[in-house]
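K.L.:
Before we start, here is the structure in question, set down as structure tokens.
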Protein chains: 4
Amino acid sequence: MRLLQPLFRWDPVEAEFSNHARVQGMLDFEAALARAEARAGVIPASAAPLIAAQCRAELFNMDELAQSAARAGNLAIPLIKRLTALVAATDNDAQRFVHWGATSQDAIDTGLVLQLRAALLLMESEFETFSSALAHLAETHRATPIAARTWMQQALPTTFGIKAAAWLDAINRDRLRLAAARRNAEVLQFGGAVGTLASLGAKGLDVSKALAEDLHLALPDLPWHTQRDRIAEVATALGLATGTLGKIARDISLHTQTEVAELFEPAAPRRGGSSTMPHKRNPVTCAVVLSAAARVPGLVGTMLSAMVQEQERGLGGWHAEWETFPEIISLAAGALHHLTATVSGLEVDTARMAANLELTRGLLFAEAVQMALGKTLGRQQAHDLIEAACQRAQKENRHLRDVLAEDAAVSKHLNKEALAKLFDPAQYLGVAEQFINRVLAAHAAQNAKKNPAKEGR
Amino acid sequence: MRLLQPLFRWDPVEAEFSNHARVQGMLDFEAALARAEARAGVIPASAAPLIAAQCRAELFNMDELAQSAARAGNLAIPLIKRLTALVAATDNDAQRFVHWGATSQDAIDTGLVLQLRAALLLMESEFETFSSALAHLAETHRATPIAARTWMQQALPTTFGIKAAAWLDAINRDRLRLAAARRNAEVLQFGGAVGTLASLGAKGLDVSKALAEDLHLALPDLPWHTQRDRIAEVATALGLATGTLGKIARDISLHTQTEVAELFEPAAPRRGGSSTMPHKRNPVTCAVVLSAAARVPGLVGTMLSAMVQEQERGLGGWHAEWETFPEIISLAAGALHHLTATVSGLEVDTARMAANLELTRGLLFAEAVQMALGKTLGRQQAHDLIEAACQRAQKENRHLRDVLAEDAAVSKHLNKEALAKLFDPAQYLGVAEQFINRVLAAHAAQNAKKNPAKEGR
Amino acid sequence: MRLLQPLFRWDPVEAEFSNHARVQGMLDFEAALARAEARAGVIPASAAPLIAAQCRAELFNMDELAQSAARAGNLAIPLIKRLTALVAATDNDAQRFVHWGATSQDAIDTGLVLQLRAALLLMESEFETFSSALAHLAETHRATPIAARTWMQQALPTTFGIKAAAWLDAINRDRLRLAAARRNAEVLQFGGAVGTLASLGAKGLDVSKALAEDLHLALPDLPWHTQRDRIAEVATALGLATGTLGKIARDISLHTQTEVAELFEPAAPRRGGSSTMPHKRNPVTCAVVLSAAARVPGLVGTMLSAMVQEQERGLGGWHAEWETFPEIISLAAGALHHLTATVSGLEVDTARMAANLELTRGLLFAEAVQMALGKTLGRQQAHDLIEAACQRAQKENRHLRDVLAEDAAVSKHLNKEALAKLFDPAQYLGVAEQFINRVLAAHAAQNAKKNPAKEGR
Amino acid sequence: MRLLQPLFRWDPVEAEFSNHARVQGMLDFEAALARAEARAGVIPASAAPLIAAQCRAELFNMDELAQSAARAGNLAIPLIKRLTALVAATDNDAQRFVHWGATSQDAIDTGLVLQLRAALLLMESEFETFSSALAHLAETHRATPIAARTWMQQALPTTFGIKAAAWLDAINRDRLRLAAARRNAEVLQFGGAVGTLASLGAKGLDVSKALAEDLHLALPDLPWHTQRDRIAEVATALGLATGTLGKIARDISLHTQTEVAELFEPAAPRRGGSSTMPHKRNPVTCAVVLSAAARVPGLVGTMLSAMVQEQERGLGGWHAEWETFPEIISLAAGALHHLTATVSGLEVDTARMAANLELTRGLLFAEAVQMALGKTLGRQQAHDLIEAACQRAQKENRHLRDVLAEDAAVSKHLNKEALAKLFDPAQYLGVAEQFINRVLAAHAAQNAKKNPAKEGR
């Protein structure tokens with residue numbers, strides 16, 4: 001295990017990209033190919049089960065494969081050689097039909113598609129848990145006042161519920177995008193050496209169809225050896241989702257600061273300590289998620305620039321994908337998993353949220369007063385008047401309400417009570433609640449649509 | 001005009017991102033806002049037309065706006081100040097309701113959405129032209145033999161038609177993705193200072209709906225000030241499309257090499273000359289498209305990392321989008337436009353394609369022989385036998401056919417005629433034609449779906 | 001002027017990358033080439049002044065050049081055509097020797113080198129101002145206590161002086177790196193069509209030397225048409241410097257938060273306001289610098305991947321540099337310039353710094369107590385004891401000092417007075433002052449070295 | 001072993017970044033710290049050897065460390081806990097002084113510096129081998145004619161020697177840059193919790209000096225916990241070097257194409273075969289190096305954007321480096337190692353190079369004729385005349401020489417013999433040889449400077 005794996009990654013998804021899983025993905029292709037070709041009458045019916053029986057990753061020595069791959073230039077060549085030997089050891093006839101009519105990239109790409117399907121389905125399930133945790137926060141805190149910050153400055157009151165709903169809103173879209181990208185990528189790769197299936201004569205499409213069916217994959221209009229947009233689309237969808245996760249982590253990290261102290265990652269023994277400062281409780285998950293959000297964009301950029309692949313088989317571009325694409329899934333899955341745990345146990349200090357609303361001595365309500373005055377004075381004049389009052393309040397270290405109360409231009413339009421009411425956060429939340437409801441409804445609809453049928457494949 | 005604009009860009013899309021267009025986008029928001037608020041009874045009905053009448057970019061001094069924006073931190077603040085003054089000059093009452101209840105980002109983001117819609121619709125139309133040119137190539141050259149190259153080495157015969165079909169296949173998907181991303185992004189931005197529309201009291205949603213309708217935009221579940229996935233999704237879809245364009249350009253550039261000489265960019269006076277070499281005809285479009293494919297990935301990476309925006313208004317991340325996002329559209333549109341012209345006039349030398357198939361003295365047909373022998377010998381043994389024959393042919397500088405004809409292990413299974421037939425490119429194209437048909441059908445279906453209704457918005 | 005230029009950029013550097021400057025850079029090459037070739041006896045002595053006299057950008061129509069460049073594939077071809085016509089209009093003999101023996105890339109690259117030299121010298125001077133402002137902060141606040149934050153949590157006391165010194169320390173290195181990169185890049189590009197100077201026969205090196213001397217550039221060992229590391233090195237040095245600027249801006253933005261309020265960007269009328277919230281004072285410069293730090297890395301990545309240029313002239317990679325490289329300089333220069341102004345006028349609230357040190361009720365001094373106890377208890381045991389005390393203090397909402405005073409394990413080793421002294425920030429600053437001195441000395445040495453000689457070129 | 005490690009990486013450098021090496025790097029810091037503190041009288045002299053004796057990575061369970069690091073947020077915390085327990089098991093007194101006064105990042109960063117030093121020294125030695133192989137090619141082929149290609153079109157004759165010299169020229173610079181970046185990064189990290197060494201009172205600098213000396217590292221002016229430019233500089237130097245390697249690999253891949261066939265990767269059994277095409281000999285190393293050149297730029301971008309680290313300890317940015325930085329070294333080292341082997345055994349077909357010079361029927365010599373005519377006609381007129389002749393030659397499928405011989409405007413200035421001589425490649429190489437000599441001299445000087453002293457550290 002790499003030393004930083006448990007910190008940055010998520011074990012179930014890691015398992016889908018282990019050496020074993022990578023080899024098994026290719027072997028699943030080879031086994032299905034033999035079955036499909038037997039079904040189409042291309043190879044003897046008896047050969048298929050004999051080939052399939054040897055398509056088990058545990059029969060392959062990973063270090064030998066690795067060394068041979070370095071000579072051959074890809075993993076499929078030594079794997080097929082070894083598979084042929086294994087089959088030959090049980091039946092000399094069947095060994096003739098191993099990998100019949102296929103090319104290395106057919107096995108490598110289809111294997112990858114099988115891996116990414118498994119990994120993304122795990123992530124989709126985790127996203128469901130994550131979004132439910134966000135929905136719970138939005139519901140629970142729909143009326144919890146908190147200071148909204150723009151440009152990292154307190155701006156106006158809002159609710160913690162709408163903050164959570166805004167996080168959820170983006171996640172709703174990320175889930176749809178990821179599922180769509182996965183479905184677009186769940187296609188067979190099968191074209192033979194140069195994408196014509198020449199080696200199968202007229203039976204190429206029959207075998208293709210049977211093979212796609214066997215692997216529960218769609219049959220593309222054409223092999224896609226050097227048209228990498230489907231894989232790259234999955235990378236971009238993960239890039240977008242990681243961006244959303246990073247935004248949430250940034251927010252939590254800001255609310256967790258000593259001076260703000262409104263949110264805390266869930267406490268646990270030995271969690272987020274310091275090697276030297278005994279009082280520290282560091283937001284470890286935020287660091288992990290923000291690090292993923294810093295790393296994934298560059299990797300997505302690599303996937304996009306690697307799309308420029310030559311002719312019928314790329315030289316360098318394809319190879320650049322081999323480690324980059326799994327890394328994107330791994331980092332995104334790790335960020336998702338750790339943030340799910342953290343948001344599910346997030347500690348919310350509503351008292352501190354309320355207290356922080358008082359820090360500016362009323363400046364936070366400047367817009368509320370401006371809007372009230374603006375109806376008569378006009379927006380711009382009211383803006384200028386209040387801006388001046390804000391500066392006075394800050395300079396004289398007084399509450400904005402008191403400064404305004406002395407201003408004749410204000411009191412002409414607003415009496416004491418009306419003015420006081422403008423400084424109540426609960427009175428200046430607009431349609432926050434309706435926005436929350438819209439997002440929760442979309443979330444519920446998405447789950448409802450997903451769950452009954454459970455998208456049977 | 002920037003010196004390199006005509007080389008790298010496409011004028012109609014550039015126009016959508018001029019200073020004028022950027023300002024007009026924000027003004028369109030302000031005009032629609034006034035109308036929507038009048039309709040919802042938030043501002044006096046008389047104010048709306050008076051405000052809208054001043055929402056014309058030509059009334060604004062761009063250099064003054066630019067200088068003021070540097071102080072204010074965004075373009076909307078000086079723009080609204082100036083708009084208010086313009087309205088005030090015609091009616092002192094109406095000026096009170098300029099930008100009522102909105103925040104700078106509402107105007108900036110909605111303006112951007114209007115710009116991107118216009119630009120993407122232009123691109124979608126150009127993509128239609130482009131894909132028709134590709135379809136024409138695929139149709140015309142469905143039986144034109146050409147050497148397929150893998151790892152930049154001649155591999156097997158294929159047809160130029162299937163090469164074009166494979167390009168088209170990816171473009172089919174890019175078009176769907178771009179249209180989907182555009183539709184996802186065609187949403188109103190309207191949340192007021194912190195996304196609650198507090199300044200509009202209970203009428204926030206009514207105004208939102210009217211405003212979205214006025215601008216022909218969808219109403220999102222929630223304002224998206226710091227949830228940038230929709231914009232970033234457009235960036236990624238353009239990144240994927242540019243990757244596809246780059247792949248096509250790389251292919252053309254390889255086929256255009258002096259030593260290959262199968263394809264040529266259309267000739268034109270003074271096109272692709274050299275300042276010093278009178279015989280040169282450089283593939284200028286390939287350079288332009290490849291340069292876009294090299295530049296866009298890094299910009300997409302920036303859009304993804306900029307998604308990590310703080311709380312209710314980002315500090316730095318949002319600002320990073322302002323020039324980056326238009327640049328992505330501009331470069332992608334330029335690449336698309338120039339490649340469309342080039343592919344539409346592409347010169348195809350079918351005689352040279354045929355001649356190049358002979359360069360390897362039969363090595364190109366090694367797999368065909370291997371498959372024929374493999375049925376009896378087994379794939380791996382046949383592979384090894386042919387591999388040795390290939391090496392002999394190369395060493396002795398002879399045609400593979402002649403070397404094989406001498407080999408008893410071969411002649412046992414294949415007589416002279418059977419062997420000769422294996423060296424005919426037309427005999428080893430598998431289901432290339434069926435693949436072409438599938439892609440052309442998908443292309444036709446996409447156009448059919450798009451055109452009758454012309455996607456009325 | 002682009003609308004966002006004054007916000008993101010710095011006018012003097014922008015001027016070095018205007019259309020005019022780009023054209024003038026190439027013309028300076030052409031004029032110097034004529035002089036060098038006259039000196040070497042390659043062209044008639046009389047031709048040189050006649051050619052040089054027309055090498056003035058104002059004689060060239062930028063829009064026409066732009067349109068022609070789109071056909072030709074680069075700017076040099078139409079520029080040379082036009083220059084030849086201008087010379088011909090004055091002297092038909094001299095026109096024969098325009099651009100003699102050179103290739104387009106010679107003019108384009110050398111022109112670029114001249115532009116980058118001018119821009120970097122401007123930046124070096126601005127960096128000097130910037131570092132002096134940082135040195136002033138480090139000196140002034142060498143004893144000003146402030147809470148150090150790690151993982152965005154208060155950690156221990158430190159001084160604002162050492163924070164500023166740490167910023168300066170990185171800038172000291174960035175300056176050295178940038179000057180070195182500039183010097184490495186100040187080389188002539190001159191190789192003729194393919195880098196052999198074949199067109200000049202045996203006189204190639206003589207002309208090269210004279211040309212380099214004329215332009216005050218170094219003569220490289222070899223032309224570098226497709227060896228782009230010098231240019232890319234400048235890009236990386238700017239990338240590193242922008243990273244440092246971004247780090248400083250992030251720090252300032254965190255200290256500027258409403259809840260921290262220790263630092264403020266200098267106030268100015270209309271600076272950092274909000275279109276709707278009258279009390280806002282947004283850290284505009286931080287946003288600008290952080291946006292540059294978000295954008296430059298992707299552009300540097302493009303420069304690095306564009307290094308893979310084909311054979312004797314790149315196809316796409318070279319073209320990708322043309323706009324990317326100036327953009328990197330422009331964004332870095334803009335960030336530098338705006339941050340210099342902001343740091344020079346930075347408002348420092350030392351009272352608030354002191355007050356914030358009290359926020360944790362003594363937790364900030366946990367390590368100090370631990371170290372005092374550790375001498376007898378051992379580091380790990382002391383750590384565990386204090387960690388428990390910290391948790392108790394937080395739970396019971398008490399000062400850590402009071403909790404510890406009750407603990408027999410503590411009072412055995414520390415009496416009241418000794419304990420109280422451990423909670424004085426001034427007592428726990430280690431060698432902060434010495435570190436500051438080291439950095440200030442390095443800064444002074446760098447300026448001393450630079451200024452007397454003023455690095456005569 | 002990861003399946004693709006032998007293909008993409010280089011074992012000796014991989015070993016420097018194994019789990020074991022990472023842990024040993026931190027333990028080397030801890031051992032040296034104890035010795036330095038004993039020397040400075042900060043901890044008992046007896047404690048140092050007892051601590052150092054346990055600083056052996058084989059005493060640590062990697063999986064346990066990994067799991068604990070996920071809770072703690074970094075590797076140092078569980079490592080120090082375990083180290084303390086190991087020391088305690090031998091001596092209860094000494095265990096009190098483990099990690100005395102240091103912070104996690106001190107151990108992690110200094111450990112990283114030790115790893116990077118070892119890895120870069122390995123790479124520097126490999127670069128020496130690589131550059132000698134290039135020098136050998138430049139020397140051997142200084143007079144071997146080959147067609148120079150610009151824009152991937154044959155342009156003029158050049159020599160293969162100058163191509164190799166141009167590769168070497170860039171490598172000369174990359175070596176200098178890497179060595180400089182290594183030296184800049186060979187600095188101690190030691191600042192304690194927040195960079196003041198508060199925990200060591202007045203002895204901080206004494207300990208620092210002793211520690212730096214013990215580890216053969218330089219003492220920086222200030223700790224650099226959140227000033228990451230030194231590490232990032234190494235990343236950029238590797239990015240530049242990988243770009244150069246990628247350029248060389250691209251060139252080789254182009255010369256290796258079936259239709260060009262001038263260069264070949266060294267043959268070896270099972271090297272670069274195909275799973276289905278027996279005649280294939282794929283340029284595996286080119287693919288590996290080009291894939292590194294596609295991947296490293298995005299990773300360098302991540303290092304640059306991760307420089308924006310908060311206050312006294314970054315949240316996310318620092319963590320983003322942990323896997324990214326070793327990955328950059330690993331990919332660059334792999335590319336270097338594989339390309340060194342390939343270039344050392346490169347097969348050069350000089351006959352084919354000569355044959356390819358004839359492909360254009362003289363067009364390649366167009367510039368030579370133009371220069372000869374230009375002296376009398378003027379450059380632009382000669383250019384236009386030859387351009388027309390080139391078009392005629394192509395259209396009529398004749399040799400340019402023959403077309404020109406018929407042209408009165410030509411024969412007026414050039415007789416048959418003079419014309420024929422212009423079509424001899426050896427006559428049009430300019431100062432290629434002198435350029436080669438300059439580069440070889442620089443290479444020799446660099447090695448001479450490096451080797452005698454062998455840069456004793």
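In the structure tokens, chains take letters A, B, ... by order of appearance, with residues numbered from 1 within each chain and ligands from 1 in the order shown.
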Could you list the residues in chain A lying within 7 Å of chain C, using only C-alpha atoms, and format the result as a compact mmCIF listing (two decimals) with all heavy atoms, in the first residue's frame?
P.N.:
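File out-v5.txt, as written:
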# COMPACT_ATOMS: atom_id res chain seq x y z
N TRP A 151 -16.37 38.07 -1.27
CA TRP A 151 -14.97 38.54 -1.28
C TRP A 151 -14.33 38.31 0.10
O TRP A 151 -13.46 39.04 0.52
CB TRP A 151 -14.87 40.03 -1.63
CG TRP A 151 -15.33 40.45 -2.98
CD1 TRP A 151 -16.61 40.45 -3.44
CD2 TRP A 151 -14.55 40.95 -4.07
NE1 TRP A 151 -16.68 40.91 -4.73
CE2 TRP A 151 -15.43 41.23 -5.14
CE3 TRP A 151 -13.19 41.19 -4.24
CZ2 TRP A 151 -14.98 41.74 -6.36
CZ3 TRP A 151 -12.75 41.71 -5.45
CH2 TRP A 151 -13.65 41.98 -6.49
N MET A 152 -14.78 37.28 0.81
CA MET A 152 -14.28 36.95 2.14
C MET A 152 -14.56 38.06 3.18
O MET A 152 -13.87 38.15 4.20
CB MET A 152 -12.80 36.57 2.08
CG MET A 152 -12.60 35.25 1.33
SD MET A 152 -10.88 34.78 1.00
CE MET A 152 -10.26 34.46 2.63
N GLN A 153 -15.57 38.83 2.92
CA GLN A 153 -16.03 39.86 3.86
C GLN A 153 -17.48 39.57 4.20
O GLN A 153 -18.26 39.20 3.33
CB GLN A 153 -15.98 41.25 3.19
CG GLN A 153 -14.62 41.67 2.70
CD GLN A 153 -13.66 41.90 3.83
OE1 GLN A 153 -13.98 42.61 4.78
NE2 GLN A 153 -12.50 41.27 3.76
N GLN A 154 -17.87 39.81 5.45
CA GLN A 154 -19.28 39.68 5.80
C GLN A 154 -20.09 40.62 4.93
O GLN A 154 -19.76 41.79 4.77
CB GLN A 154 -19.51 39.97 7.28
CG GLN A 154 -19.02 38.85 8.17
CD GLN A 154 -19.64 38.89 9.56
OE1 GLN A 154 -20.60 39.65 9.80
NE2 GLN A 154 -19.12 38.09 10.47
N GLN A 257 -12.04 28.24 10.75
CA GLN A 257 -10.95 29.05 11.30
C GLN A 257 -11.20 29.42 12.76
O GLN A 257 -12.34 29.65 13.15
CB GLN A 257 -10.79 30.35 10.49
CG GLN A 257 -10.31 30.17 9.08
CD GLN A 257 -10.40 31.48 8.31
OE1 GLN A 257 -9.42 32.16 8.15
NE2 GLN A 257 -11.58 31.84 7.86
N THR A 258 -10.14 29.53 13.52
CA THR A 258 -10.23 29.90 14.93
C THR A 258 -11.12 31.13 15.12
O THR A 258 -11.93 31.19 16.04
CB THR A 258 -8.82 30.21 15.47
OG1 THR A 258 -7.98 29.10 15.19
CG2 THR A 258 -8.86 30.49 16.97
N GLU A 259 -10.99 32.11 14.27
CA GLU A 259 -11.69 33.37 14.44
C GLU A 259 -13.15 33.30 13.99
O GLU A 259 -13.92 34.22 14.24
CB GLU A 259 -10.98 34.49 13.67
CG GLU A 259 -9.57 34.76 14.14
CD GLU A 259 -8.54 33.81 13.53
OE1 GLU A 259 -8.96 32.93 12.74
OE2 GLU A 259 -7.36 33.92 13.85
N VAL A 260 -13.52 32.27 13.27
CA VAL A 260 -14.89 32.14 12.77
C VAL A 260 -15.61 31.05 13.56
O VAL A 260 -16.67 31.29 14.15
CB VAL A 260 -14.90 31.83 11.25
CG1 VAL A 260 -16.33 31.68 10.73
CG2 VAL A 260 -14.15 32.92 10.49
N THR A 276 3.48 18.71 17.37
CA THR A 276 4.09 19.56 18.39
C THR A 276 3.11 20.44 19.15
O THR A 276 3.39 20.82 20.28
CB THR A 276 5.23 20.41 17.77
OG1 THR A 276 5.81 21.22 18.79
CG2 THR A 276 4.73 21.30 16.66
N MET A 277 1.93 20.74 18.57
CA MET A 277 0.99 21.64 19.25
C MET A 277 -0.20 20.86 19.78
O MET A 277 -1.07 20.44 19.03
CB MET A 277 0.54 22.73 18.29
CG MET A 277 1.67 23.70 17.94
SD MET A 277 1.21 24.80 16.58
CE MET A 277 1.32 23.66 15.20
N PRO A 278 -0.25 20.67 21.10
CA PRO A 278 -1.25 19.76 21.67
C PRO A 278 -2.69 20.25 21.52
O PRO A 278 -3.61 19.45 21.63
CB PRO A 278 -0.84 19.67 23.14
CG PRO A 278 0.11 20.78 23.39
CD PRO A 278 0.70 21.19 22.09
N HIS A 279 -2.90 21.54 21.26
CA HIS A 279 -4.28 22.03 21.21
C HIS A 279 -4.87 21.94 19.81
O HIS A 279 -6.05 22.24 19.63
CB HIS A 279 -4.33 23.49 21.68
CG HIS A 279 -3.69 24.44 20.69
ND1 HIS A 279 -2.34 24.53 20.51
CD2 HIS A 279 -4.24 25.32 19.81
CE1 HIS A 279 -2.06 25.43 19.59
NE2 HIS A 279 -3.19 25.92 19.14
N ASN A 282 -6.82 19.96 13.41
CA ASN A 282 -6.72 20.41 12.03
C ASN A 282 -7.83 19.81 11.15
O ASN A 282 -8.19 18.66 11.33
CB ASN A 282 -5.36 20.03 11.46
CG ASN A 282 -4.23 20.81 12.11
OD1 ASN A 282 -4.38 21.98 12.43
ND2 ASN A 282 -3.11 20.15 12.34
N LEU A 363 -23.29 46.73 10.30
CA LEU A 363 -22.93 47.01 8.90
C LEU A 363 -23.54 45.98 7.95
O LEU A 363 -23.84 46.27 6.79
CB LEU A 363 -21.41 47.02 8.73
CG LEU A 363 -20.65 48.15 9.43
CD1 LEU A 363 -19.17 48.09 9.08
CD2 LEU A 363 -21.23 49.50 9.03
N ALA A 366 -26.61 46.93 6.13
CA ALA A 366 -26.57 48.16 5.35
C ALA A 366 -27.47 48.08 4.12
O ALA A 366 -28.23 49.01 3.81
CB ALA A 366 -25.13 48.47 4.93
N GLU A 367 -27.43 46.95 3.42
CA GLU A 367 -28.23 46.85 2.21
C GLU A 367 -29.72 46.88 2.53
O GLU A 367 -30.51 47.47 1.80
CB GLU A 367 -27.89 45.59 1.40
CG GLU A 367 -28.47 45.64 0.00
CD GLU A 367 -28.73 44.27 -0.62
OE1 GLU A 367 -29.37 43.41 0.05
OE2 GLU A 367 -28.31 44.06 -1.75
N HIS A 383 -27.67 54.30 -1.66
CA HIS A 383 -26.38 53.64 -1.56
C HIS A 383 -25.32 54.61 -1.03
O HIS A 383 -24.56 54.29 -0.10
CB HIS A 383 -25.99 53.10 -2.94
CG HIS A 383 -24.71 52.31 -2.97
ND1 HIS A 383 -23.47 52.88 -2.98
CD2 HIS A 383 -24.48 50.97 -2.99
CE1 HIS A 383 -22.53 51.95 -3.00
NE2 HIS A 383 -23.13 50.77 -3.01
N ILE A 386 -25.93 55.57 2.71
CA ILE A 386 -25.60 54.50 3.67
C ILE A 386 -24.10 54.25 3.69
O ILE A 386 -23.51 53.97 4.74
CB ILE A 386 -26.34 53.19 3.30
CG1 ILE A 386 -27.84 53.43 3.14
CG2 ILE A 386 -26.08 52.12 4.35
CD1 ILE A 386 -28.55 53.76 4.41
N GLU A 387 -23.48 54.35 2.55
CA GLU A 387 -22.04 54.15 2.50
C GLU A 387 -21.34 55.15 3.44
O GLU A 387 -20.45 54.78 4.21
CB GLU A 387 -21.53 54.34 1.06
CG GLU A 387 -20.11 53.83 0.83
CD GLU A 387 -19.71 53.91 -0.65
OE1 GLU A 387 -20.04 54.94 -1.30
OE2 GLU A 387 -19.11 52.97 -1.15
N CYS A 390 -21.95 54.12 7.01
CA CYS A 390 -21.10 52.98 7.37
C CYS A 390 -19.71 53.45 7.75
O CYS A 390 -19.11 52.99 8.73
CB CYS A 390 -20.99 52.00 6.20
SG CYS A 390 -22.51 51.08 5.91
K.L.:
Leaving out Thr196 of chain D and any residue of its chain fewer than 2 positions from it, which residues lie within 8 Å of it when counting only C-alpha atoms, given as a ChimeraX atom specification?
P.N.:
/C:158,429-432,435 /D:191-194,198
K.L.:
Need the shell around segment 97-112 of chain C: protein/DNA/RNA residues with any atom at most 8 Å away, counting only C-alpha atoms. Skip same-chain ones fewer than 2 positions apart. Format as an MDAnalysis selection string?
P.N.:
(chainID B and resid 274:276) or (chainID C and resid 22:30 33:34 43 47 51 74:77 80 83:84 93:95 114:116 187:193 197:200 225) or (chainID D and resid 371 375 378:379)
K.L.:
As an exercise, work out the distance from atom CA of Glu128 of chain C to atom CA of Glu323 of chain B in Å and give it to one decimal place.
P.N.:
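It comes out at 28.8 Å.
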K.L.:
Quick one: everything within 12 Å of Ala354 of chain C, counting only C-alpha atoms, minus sequence neighbours fewer than 4 positions away in the same chain. Send it as a PyMOL selection string.
P.N.:
chain C and resi 143-148+157-160+260-262+348-350+358-359+424-426
K.L.:
Write out as a ChimeraX atom specification each polymer residue whose atoms come within 9 Å of Ala36 of chain D, counting only C-alpha atoms; drop sequence neighbours fewer than 2 positions from it.
P.N.:
/D:31-34,38-42,48,206-214
K.L.:
What is the distance, in Å and to one decimal place, between atom CA of Gly334 of chain B and atom CA of Phe8 of chain B?
P.N.:
5.5 Å
K.L.:
Can you pull out every residue from segment 28-251 of chain A that DSSP, working from the backbone, puts in strand (DSSP E or B), and format the result as a PyMOL selection string?
P.N.:
chain A and resi 145-150+153-159+187+218
K.L.:
Store the residues picked out above, limited to N, CA and C atoms, as a short mmCIF file (atom, residue, chain, number, x, y, z; two decimals), in the first residue's frame.
P.N.:
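The result, written out as result11.cif:
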data_model
loop_
_atom_site.label_atom_id
_atom_site.label_comp_id
_atom_site.auth_asym_id
_atom_site.auth_seq_id
_atom_site.Cartn_x
_atom_site.Cartn_y
_atom_site.Cartn_z
N PRO A 145 -29.63 31.40 11.08
CA PRO A 145 -28.97 32.57 10.48
C PRO A 145 -27.44 32.45 10.55
N ILE A 146 -26.81 32.96 9.55
CA ILE A 146 -25.36 32.98 9.46
C ILE A 146 -25.00 34.17 8.58
N ALA A 147 -23.80 34.68 8.77
CA ALA A 147 -23.37 35.78 7.90
C ALA A 147 -22.93 35.23 6.54
N ALA A 148 -23.49 35.77 5.49
CA ALA A 148 -22.96 35.46 4.16
C ALA A 148 -21.70 36.28 3.96
N ARG A 149 -20.72 35.66 3.30
CA ARG A 149 -19.47 36.39 3.03
C ARG A 149 -19.24 36.46 1.53
N THR A 150 -18.99 37.65 1.05
CA THR A 150 -18.59 37.83 -0.34
C THR A 150 -17.22 38.50 -0.34
N GLN A 153 -15.57 38.83 2.92
CA GLN A 153 -16.03 39.86 3.86
C GLN A 153 -17.48 39.57 4.20
N GLN A 154 -17.87 39.81 5.45
CA GLN A 154 -19.28 39.68 5.80
C GLN A 154 -20.09 40.62 4.93
N ALA A 155 -21.20 40.10 4.40
CA ALA A 155 -21.96 40.87 3.42
C ALA A 155 -23.38 41.13 3.91
N LEU A 156 -24.15 40.08 4.12
CA LEU A 156 -25.55 40.15 4.55
C LEU A 156 -25.83 38.90 5.36
N PRO A 157 -26.92 38.89 6.10
CA PRO A 157 -27.32 37.61 6.70
C PRO A 157 -27.87 36.66 5.64
N THR A 158 -27.65 35.39 5.88
CA THR A 158 -28.31 34.35 5.09
C THR A 158 -28.59 33.22 6.05
N THR A 159 -28.89 32.02 5.53
CA THR A 159 -29.05 30.88 6.45
C THR A 159 -28.03 29.82 6.10
N VAL A 187 -19.03 1.58 -23.57
CA VAL A 187 -19.10 1.02 -24.92
C VAL A 187 -17.94 0.06 -25.13
N ALA A 218 -22.55 -1.08 -24.59
CA ALA A 218 -23.16 -0.67 -25.85
C ALA A 218 -22.19 -0.90 -26.99
#
